[in-house]
Protein chains: 2
Amino acid sequence: VEITTPDKVVASIVATAYQALENAGKRIRQVSAMGLCIPGQVDAQTGVVNLAVNLNLYDYPLREAITAEFGIPCVLENDARAATIGAYHFVQRQEMVRDIAFINIGTGVGAGVMINGRLHRGANGMAGEIGHMVVEPGGSRCNCGARGCLETVIGGRYIIQQATAAGLASGKEASFTAYDVYRASQEGHLAAQAIVRRVGEYLGRAIQWLILTYDVEKVILGGGVTSIGEAFWQPLNQTLLHLREESSLGVLFSAEKVVLLPAGYNAGLWGVVCLAQEAVKDGWTAVGVPATSAD
Amino acid sequence: VEITTPDKVVASIVATAYQALENAGKRIRQVSAMGLCIPGQVDAQTGVVNLAVNLNLYDYPLREAITAEFGIPCVLENDARAATIGAYHFVQRQEMVRDIAFINIGTGVGAGVMINGRLHRGANGMAGEIGHMVVEPGGSRCNCGARGCLETVIGGRYIIQQATAAGLASGKEASFTAYDVYRASQEGHLAAQAIVRRVGEYLGRAIQWLILTYDVEKVILGGGVTSIGEAFWQPLNQTLLHLREESSLGVLFSAEKVVLLPAGYNAGLWGVVCLAQEAVKDGWTAVGVPATSAD
């Protein structure tokens, strides 16, 4: 279903929230706060969606609209950033770390970074847009207009595109997914193996770059494509092993540094839960955000 | 002259400092503090050099040794980080910015990042080691052991190596520099032009990656190779223009975002001057560093 107006976006969110309440057997007055994340450029402080192409939202005060509907505080965040917080929350349960990078490999590719336990947003709120690093000059055309972006090699949309071009999807185009490409690779299909190997190589190097630029303690991987599990991990691990063995800086790329989120873990969901909990702790109300909680 | 023991390193620093004092017509009691930067892994807080391969220093308390010699507070920092602070200081004089990346292109290649006006060191003090990002799998062997590190394409040592392999240095090997390669390129030498173009392309993409990962306001370039000026800038600008035009994210790579330090500006020197001034302001003494200045 294509959503084309702000009103429809809000109506869809409201319907989803009421459905969730019904499923949980709860009423809205039992809820302290809600959290929302969307794909697009978001000002988390003002609650305004600056730009969300897929939702057709431009400079739209989405948080205000949702708060008005439910009468409880609402936090709004970009989806990749929310998932970064959720991923951070996941590793925190096992180990005390402060500096992490999270890479989401779904239809597209994005990343987020926490430095000293805080989200690093950057000057324009664009930090972590690694999906558009040009890694293969003159390569495939990306949605953004450039050629050879990282996303065009490892993004789910493009994995399917590459496999379709290699004839792997013939007769099942409608239901064909990245999962099918990985299964074909495991079954010995050469074109599928080449695609899967390339994903491992380019992602492995992107992980090396993130470690060398930020010097993070952990790089966490999540998103639809990673949920394939072992078949996804194996070619990536090959690349990481190779990078590790060759260089005197290899100790920085140790195996324990890269964490694959469990397939069932919804990082974006847990991220907004964390943010909503913080908002409650910081004294957010349905009327507004206290000035002191600005960062 | 090869320096092989800590005593010789200290003696060489002391001699250089006294020479500088003599040149300036000053005496040591007229100096409030001194700053020192070295190539290697440094703990700026304790003043210990963890590892400096070229100086043969391992876990050596260099700051203590220098302070003991001169009886004034001394700050110690890694050279790339000190230069990052110096580069930040340079742009601050023209424009109020808080987030910058600095890339040093000398014999080797390193970077530093300031986030919100503070140096980002990373979990192991290794943030910014972009010279060892593998950008050309199976490429030339790097000093670090890996193949195809960024440094092997754009580092001064390797620019000379590539040009020598192409026969450009024949008969003048002893005095041959990266500057000669750029001059040969301007004079129409095809092999030199190919090397210079490749430097522009790989550096341009590295700048794009730094902007997409950190979302900095400025990327500042310095180091011996950049002091060549226009001949260095032109092929780099070509790449940046191309990246800018192609992508809908191109606005992030605008021309004003990349700054070339003037050839005469010694970023490392000004960096340690800034650090020494701060140390005086923070109440450092020859005896020790106040606990409150820890970060």
# chains A, B, ... in the order shown; residues from 1 in each chain; ligands from 1
$ closest_atom_pairs --of "chain A" --to "chain B" --cutoff "6 Å" --atoms "only C-alpha atoms" --output "JSON lines"
{"residue": "A:Gly122", "atom": "CA", "partner": "B:Asp215", "partner_atom": "CA", "distance": 4.6}
{"residue": "A:Ala123", "atom": "CA", "partner": "B:Asp215", "partner_atom": "CA", "distance": 5.7}
{"residue": "A:Met126", "atom": "CA", "partner": "B:Asp215", "partner_atom": "CA", "distance": 5.7}
{"residue": "A:Ala127", "atom": "CA", "partner": "B:Asp215", "partner_atom": "CA", "distance": 4.6}
{"residue": "A:Gly128", "atom": "CA", "partner": "B:Thr213", "partner_atom": "CA", "distance": 4.4}
{"residue": "A:Glu129", "atom": "CA", "partner": "B:Leu212", "partner_atom": "CA", "distance": 5.1}
{"residue": "A:Ile130", "atom": "CA", "partner": "B:Leu212", "partner_atom": "CA", "distance": 5.8}
{"residue": "A:Met133", "atom": "CA", "partner": "B:Trp209", "partner_atom": "CA", "distance": 5.5}
{"residue": "A:Cys144", "atom": "CA", "partner": "B:Ser248", "partner_atom": "CA", "distance": 5.2}
{"residue": "A:Gly145", "atom": "CA", "partner": "B:Ser247", "partner_atom": "CA", "distance": 4.6}
{"residue": "A:Ala146", "atom": "CA", "partner": "B:Ser247", "partner_atom": "CA", "distance": 4.7}
{"residue": "A:Trp209", "atom": "CA", "partner": "B:Met133", "partner_atom": "CA", "distance": 5.5}
{"residue": "A:Leu212", "atom": "CA", "partner": "B:Glu129", "partner_atom": "CA", "distance": 5.1}
{"residue": "A:Thr213", "atom": "CA", "partner": "B:Gly128", "partner_atom": "CA", "distance": 4.5}
{"residue": "A:Tyr214", "atom": "CA", "partner": "B:Ala127", "partner_atom": "CA", "distance": 4.8}
{"residue": "A:Asp215", "atom": "CA", "partner": "B:Ala127", "partner_atom": "CA", "distance": 4.6}
{"residue": "A:Val216", "atom": "CA", "partner": "B:Ala123", "partner_atom": "CA", "distance": 5.8}
{"residue": "A:Glu246", "atom": "CA", "partner": "B:Ala146", "partner_atom": "CA", "distance": 4.8}
{"residue": "A:Ser247", "atom": "CA", "partner": "B:Gly145", "partner_atom": "CA", "distance": 4.6}
{"residue": "A:Ser248", "atom": "CA", "partner": "B:Cys144", "partner_atom": "CA", "distance": 5.2}
$ select_by_dssp --residues "region 98-287 of chain A" --states "helix (DSSP H, G or I)" --output "PyMOL selection string"
chain A and resi 130-132+151-154+156-165+173-175+178-186+190-214+224-228+230-246+250-253+255-257+267-281
$ select_by_dssp --residues "region 24-267 of chain B" --states "strand (DSSP E)" --output "ChimeraX atom specification"
/B:34-38,41-43,48-52,57-60,74-78,100-105,109-115,118-119,218-222,258-260
$ atom_distance --atom1 "CA of Gly268 (chain B)" --atom2 "CA of Ala82 (chain B)"
5.0 Å
$ atom_distance --atom1 "CA of Phe102 (chain B)" --atom2 "CA of Phe90 (chain B)"
11.2 Å
$ closest_residue --among "B:Thr226, B:Asn50, B:Gln92, B:Gln238" --to "Leu261 (chain B)" --atoms "only C-alpha atoms"
B:Thr226
$ residues_around --residues "Leu168 (chain A)" --least-positions-apart "2" --cutoff "12 Å" --atoms "only C-alpha atoms" --output "VMD selection string"
chain A and resid 159 to 166 170 to 173 176 to 178 180 to 185 189 to 193 195
$ atom_distance --atom1 "CA of Val219 (chain A)" --atom2 "CA of Glu151 (chain A)"
17.6 Å
$ residues_around --residues "Gly86 (chain A)" --least-positions-apart "4" --cutoff "10 Å" --atoms "only C-alpha atoms" --output "MDAnalysis selection string"
chainID A and resid 80:82 90:92 102 265:275
$ closest_residue --among "A:Thr84, A:Thr285, A:Thr239, A:Gln186" --to "Leu203 (chain A)" --atoms "only C-alpha atoms"
A:Thr239
$ residues_around --residues "Gly47 (chain A)" --least-positions-apart "4" --cutoff "10 Å" --atoms "only C-alpha atoms" --output "tab-separated table (two decimals) with C-alpha atoms, in the first residue's frame"
chain	number	residue	atom	x	y	z
A	42	VAL	CA	14.64	13.14	11.58
A	43	ASP	CA	15.27	15.87	14.16
A	59	ASP	CA	9.45	19.07	7.35
A	60	TYR	CA	6.48	17.43	9.01
A	61	PRO	CA	5.98	17.60	12.84
A	62	LEU	CA	5.19	13.91	13.19
A	63	ARG	CA	5.84	13.67	16.93
A	64	GLU	CA	3.35	16.45	17.60
A	65	ALA	CA	0.71	14.74	15.47
A	74	CYS	CA	6.27	10.18	22.03
A	75	VAL	CA	9.89	9.88	20.88
A	76	LEU	CA	10.82	9.95	17.23
A	77	GLU	CA	14.09	8.71	15.74
A	289	VAL	CA	10.11	18.05	26.16
